[in-house]
$ cat my_file.tsv   # TSV, C-alpha atoms
chain	number	residue	atom	x	y	z
A	7	MET	CA	61.30	95.72	108.91
A	8	LEU	CA	64.52	95.85	106.96
A	9	ILE	CA	66.69	97.01	109.87
A	10	ILE	CA	65.63	94.08	112.07
A	11	GLN	CA	66.23	91.61	109.23
A	12	LEU	CA	69.69	93.06	108.63
A	13	ILE	CA	70.59	92.87	112.32
A	14	LEU	CA	69.33	89.29	112.67
A	15	GLU	CA	70.92	88.00	109.45
A	16	PHE	CA	74.32	89.56	110.09
A	17	PHE	CA	74.29	88.58	113.77
A	18	LYS	CA	73.54	85.01	112.67
A	19	ALA	CA	76.34	85.17	110.09
A	20	GLY	CA	78.75	86.49	112.71
A	21	LEU	CA	77.71	83.82	115.19
A	22	PHE	CA	78.04	80.86	112.84
A	23	ALA	CA	80.66	81.98	110.31
A	24	ILE	CA	83.41	80.03	112.00
A	25	GLY	CA	86.62	80.31	110.04
A	26	GLY	CA	86.80	83.98	109.13
A	27	GLY	CA	85.58	86.19	106.31
A	28	LEU	CA	85.29	83.45	103.70
A	29	ALA	CA	82.91	81.61	106.00
A	30	THR	CA	80.44	84.51	105.64
A	31	ILE	CA	80.05	83.79	101.91
A	32	PRO	CA	77.46	81.00	102.36
A	33	PHE	CA	75.37	83.32	104.54
A	34	LEU	CA	75.57	86.13	101.99
A	35	TYR	CA	74.71	83.66	99.24
A	36	GLU	CA	71.60	82.67	101.19
A	37	MET	CA	70.67	86.34	101.81
A	38	SER	CA	70.86	86.95	98.08
A	39	TYR	CA	68.25	84.28	97.39
A	40	LYS	CA	66.12	84.75	100.49
A	41	TYR	CA	65.79	88.54	100.48
A	42	GLY	CA	67.05	89.68	97.07
A	43	TRP	CA	69.16	92.38	98.70
A	44	PHE	CA	71.81	91.81	96.03
A	45	SER	CA	72.39	89.51	93.07
A	46	ILE	CA	74.99	86.74	92.82
A	47	ASP	CA	76.87	88.98	90.36
A	48	THR	CA	76.88	91.71	93.00
A	49	LEU	CA	78.11	89.16	95.57
A	50	THR	CA	81.00	88.31	93.25
A	51	THR	CA	81.83	92.00	92.98
A	52	MET	CA	81.55	92.41	96.77
A	53	ILE	CA	84.01	89.56	97.28
A	54	ALA	CA	86.46	91.11	94.79
A	55	ILE	CA	86.19	94.52	96.45
A	56	SER	CA	86.36	93.07	99.97
A	57	GLU	CA	89.48	91.11	99.07
A	58	SER	CA	91.14	94.16	97.57
A	59	THR	CA	90.38	96.63	100.35
A	60	PRO	CA	91.91	96.77	103.82
A	61	GLY	CA	90.12	95.01	106.64
A	62	PRO	CA	88.44	91.68	107.22
A	63	MET	CA	86.50	90.39	104.24
A	64	GLY	CA	83.30	89.57	106.14
A	65	VAL	CA	83.23	92.99	107.78
A	66	ASN	CA	83.81	94.72	104.43
A	67	MET	CA	80.94	92.80	102.84
A	68	ALA	CA	78.59	93.45	105.77
A	69	THR	CA	79.40	97.14	105.61
A	70	TYR	CA	78.81	97.17	101.85
A	71	VAL	CA	75.41	95.47	102.10
A	72	GLY	CA	74.22	97.68	104.96
A	73	THR	CA	75.42	100.87	103.30
A	74	ASN	CA	73.94	99.86	99.97
A	75	LEU	CA	70.52	99.16	101.53
A	76	MET	CA	70.28	101.83	104.24
A	77	GLY	CA	73.15	104.29	103.89
A	78	ILE	CA	75.99	104.84	106.34
A	79	GLY	CA	73.82	103.98	109.35
A	80	GLY	CA	72.92	100.65	107.77
A	81	GLY	CA	76.61	99.96	107.14
A	82	ILE	CA	77.43	100.63	110.78
A	83	ILE	CA	74.55	98.48	112.03
A	84	THR	CA	75.36	95.49	109.80
A	85	THR	CA	79.04	95.70	110.71
A	86	LEU	CA	78.29	95.81	114.43
A	87	SER	CA	75.77	92.97	114.05
A	88	LEU	CA	78.39	90.82	112.32
A	89	VAL	CA	81.18	91.42	114.86
A	90	ALA	CA	79.04	91.40	118.04
A	91	PRO	CA	78.94	87.59	118.35
A	92	SER	CA	82.73	87.40	118.03
A	93	ILE	CA	83.20	90.01	120.73
A	94	ILE	CA	80.80	88.18	123.04
A	95	VAL	CA	82.41	84.78	122.41
A	96	ILE	CA	85.95	86.15	122.80
A	97	CYS	CA	85.04	87.78	126.12
A	98	ILE	CA	83.61	84.47	127.37
A	99	ILE	CA	86.56	82.45	126.07
A	100	ALA	CA	89.10	84.86	127.56
A	101	LYS	CA	87.68	84.07	130.99
A	102	MET	CA	88.04	80.33	130.48
A	103	LEU	CA	90.98	80.16	128.04
A	104	THR	CA	93.04	77.45	129.66
A	105	LYS	CA	90.05	75.20	130.35
A	106	PHE	CA	88.72	75.84	126.84
A	107	ARG	CA	92.02	75.01	125.15
A	108	GLU	CA	92.52	71.76	127.08
A	109	ASN	CA	88.93	70.53	126.82
A	110	LYS	CA	88.82	67.40	124.62
A	111	LEU	CA	85.14	67.94	123.79
A	112	ILE	CA	85.81	71.46	122.50
A	113	GLN	CA	88.81	70.22	120.48
A	114	SER	CA	86.61	67.49	118.98
A	115	VAL	CA	83.89	70.00	118.09
A	116	PHE	CA	86.41	72.18	116.22
A	117	CYS	CA	87.87	69.11	114.53
A	118	GLY	CA	84.41	68.39	113.12
A	119	LEU	CA	83.70	72.04	112.27
A	120	ARG	CA	86.79	72.56	110.10
A	121	PRO	CA	85.73	70.31	107.20
A	122	ALA	CA	82.12	71.53	107.46
A	123	VAL	CA	83.25	75.15	107.13
A	124	VAL	CA	85.39	74.27	104.12
A	125	ALA	CA	82.43	72.46	102.51
A	126	LEU	CA	80.14	75.47	103.04
A	127	ILE	CA	82.72	77.84	101.59
A	128	MET	CA	83.26	75.56	98.58
A	129	ALA	CA	79.51	75.27	97.96
A	130	ALA	CA	79.12	79.06	97.94
A	131	CYS	CA	82.27	79.51	95.87
A	132	SER	CA	80.97	77.11	93.23
A	133	GLY	CA	77.98	79.41	92.67
A	134	ILE	CA	80.29	82.41	92.41
A	135	PHE	CA	82.61	80.44	90.09
A	136	ILE	CA	79.70	79.66	87.76
A	137	SER	CA	78.53	83.28	87.86
A	138	ALA	CA	82.02	84.54	86.96
A	139	LEU	CA	82.80	82.10	84.15
A	140	PHE	CA	79.44	81.44	82.51
A	141	VAL	CA	77.26	83.99	80.75
A	142	ASN	CA	73.83	82.86	82.04
A	143	GLY	CA	74.59	80.26	84.70
A	144	PHE	CA	76.11	76.85	84.16
A	145	THR	CA	75.55	75.42	80.71
A	146	LEU	CA	77.06	72.63	78.67
A	147	SER	CA	76.98	74.87	75.60
A	148	LEU	CA	80.28	76.43	74.56
A	149	LYS	CA	78.39	79.63	73.71
A	150	GLY	CA	77.46	80.07	77.37
A	151	ILE	CA	81.07	80.22	78.54
A	152	ASN	CA	82.75	83.57	79.06
A	153	TRP	CA	86.05	82.55	77.48
A	154	ILE	CA	87.93	85.71	78.45
A	155	HIS	CA	87.11	85.07	82.11
A	156	VAL	CA	88.08	81.39	81.77
A	157	VAL	CA	91.46	82.31	80.26
A	158	ILE	CA	92.11	84.93	82.96
A	159	PHE	CA	91.06	82.47	85.68
A	160	ALA	CA	93.18	79.58	84.33
A	161	GLY	CA	96.18	81.81	83.67
A	162	LEU	CA	96.02	83.39	87.09
A	163	LEU	CA	95.62	80.00	88.75
A	164	LEU	CA	98.73	78.70	86.96
A	165	VAL	CA	100.76	81.83	87.72
A	166	TYR	CA	99.64	81.81	91.34
A	167	PHE	CA	100.62	78.18	91.93
A	168	TRP	CA	103.86	78.60	89.99
A	169	LYS	CA	105.14	81.97	91.25
A	170	LYS	CA	102.85	82.90	94.17
A	171	PRO	CA	102.72	86.64	93.37
A	172	HIS	CA	101.69	89.08	96.06
A	173	PRO	CA	97.88	89.50	96.20
A	174	ILE	CA	98.20	93.26	95.60
A	175	LEU	CA	100.05	92.59	92.36
A	176	VAL	CA	97.34	90.12	91.31
A	177	ILE	CA	94.55	92.59	92.09
A	178	VAL	CA	96.24	95.50	90.27
A	179	ALA	CA	97.25	93.38	87.25
A	180	THR	CA	93.79	91.84	86.81
A	181	GLY	CA	92.11	95.21	87.29
A	182	VAL	CA	94.30	96.71	84.56
A	183	LEU	CA	93.68	93.67	82.36
A	184	GLY	CA	89.93	94.09	82.88
A	185	VAL	CA	90.13	97.73	81.79
A	186	LEU	CA	92.21	96.86	78.74
A	187	LEU	CA	89.88	94.05	77.68
A	188	ASN	CA	86.76	96.21	78.02
A	189	LEU	CA	88.04	99.16	75.92

$ encode --input "my_file.tsv" --output "structure tokens"
Amino acid sequence: MLIIQLILEFFKAGLFAIGGGLATIPFLYEMSYKYGWFSIDTLTTMIAISESTPGPMGVNMATYVGTNLMGIGGGIITTLSLVAPSIIVICIIAKMLTKFRENKLIQSVFCGLRPAVVALIMAACSGIFISALFVNGFTLSLKGINWIHVVIFAGLLLVYFWKKPHPILVIVATGVLGVLLNL
């Protein structure tokens, strides 16, 4: 049953995606391969849309997947499934906040989780990176590289580290550039 799978997968993502919206990417990447609910190219598009629309990225992507698969009701269910673990954990933590904050064991757990979360995000991002810059997956052939995307990526990376433009400006400028390049 699709609805049960959606609830379980997004609840699991919400429970273990420690670190925010980007931490949901590895879970979505796995869903793409495990269930075929969307392609890696669609995941790349979802990330772009989720980053450029208001609201938390993970919630936006959950809503997109649910709505795409089951309509508005599916979007609501996947969104609630993703945020439910956070609400439960926050309610529990709120009761024990001072003990939780001062607990050395808990601090040690989070110290270990931080690099693990970054590694998971980087692993998922590498797949998205390859999908965005290579025509048919990673290849050592120069023909397989989408050079326009590489130039946009490299240029934007340089501009971003040099000038740090506002994300809205980046999104609008690259969207306009994409339209101009595809005319």

$ atom_distance --input "my_file.tsv" --atom1 "atom CA of Leu111 of chain A" --atom2 "atom CA of Ile99 of chain A"
14.8 Å

$ atom_distance --input "my_file.tsv" --atom1 "atom CA of Tyr70 of chain A" --atom2 "atom CA of Ala23 of chain A"
17.5 Å

$ atom_distance --input "my_file.tsv" --atom1 "atom CA of Thr69 of chain A" --atom2 "atom CA of Ile13 of chain A"
11.9 Å

$ residues_around --input "my_file.tsv" --residues "segment 76-89 of chain A" --least-positions-apart "3" --cutoff "10 Å" --atoms "all atoms listed in the file" --output "VMD selection string"
chain A and resid 8 to 23 30 64 to 73 92 to 94

$ residues_near_point --input "my_file.tsv" --point "(84.1, 83.4, 83.0)" --cutoff "9 Å" --atoms "only C-alpha atoms" --output "PyMOL selection string"
chain A and resi 135-141+151-159

$ write_last_selection --input "my_file.tsv" --atoms "C-alpha atoms" --output "mmCIF file, keeping the file's coordinate frame"
data_model
loop_
_atom_site.group_PDB
_atom_site.id
_atom_site.type_symbol
_atom_site.label_atom_id
_atom_site.label_comp_id
_atom_site.auth_asym_id
_atom_site.auth_seq_id
_atom_site.Cartn_x
_atom_site.Cartn_y
_atom_site.Cartn_z
ATOM 1 C CA PHE A 135 82.610 80.440 90.090
ATOM 2 C CA ILE A 136 79.700 79.660 87.760
ATOM 3 C CA SER A 137 78.530 83.280 87.860
ATOM 4 C CA ALA A 138 82.020 84.540 86.960
ATOM 5 C CA LEU A 139 82.800 82.100 84.150
ATOM 6 C CA PHE A 140 79.440 81.440 82.510
ATOM 7 C CA VAL A 141 77.260 83.990 80.750
ATOM 8 C CA ILE A 151 81.070 80.220 78.540
ATOM 9 C CA ASN A 152 82.750 83.570 79.060
ATOM 10 C CA TRP A 153 86.050 82.550 77.480
ATOM 11 C CA ILE A 154 87.930 85.710 78.450
ATOM 12 C CA HIS A 155 87.110 85.070 82.110
ATOM 13 C CA VAL A 156 88.080 81.390 81.770
ATOM 14 C CA VAL A 157 91.460 82.310 80.260
ATOM 15 C CA ILE A 158 92.110 84.930 82.960
ATOM 16 C CA PHE A 159 91.060 82.470 85.680
#

$ closest_atom_pairs --input "my_file.tsv" --of "segment 8-74 of chain A" --to "segment 118-125 of chain A" --cutoff "12 Å" --atoms "only C-alpha atoms" --output "tab-separated table"
residue	atom	partner	partner_atom	distance
A:Phe22	CA	A:Val123	CA	9.6
A:Ala23	CA	A:Val123	CA	8.0
A:Ile24	CA	A:Val123	CA	6.9
A:Gly25	CA	A:Val123	CA	6.8
A:Gly26	CA	A:Val123	CA	9.7
A:Gly27	CA	A:Val123	CA	11.3
A:Leu28	CA	A:Val124	CA	9.2
A:Ala29	CA	A:Val123	CA	6.6
A:Thr30	CA	A:Val123	CA	9.9
A:Ile31	CA	A:Val123	CA	10.6
A:Pro32	CA	A:Val123	CA	9.5
A:Phe33	CA	A:Val123	CA	11.6

$ closest_residue --input "my_file.tsv" --among "A:Gly61, A:Pro171, A:Gly150, A:Gly133" --to "Leu49 of chain A" --atoms "all atoms listed in the file"
A:Gly133
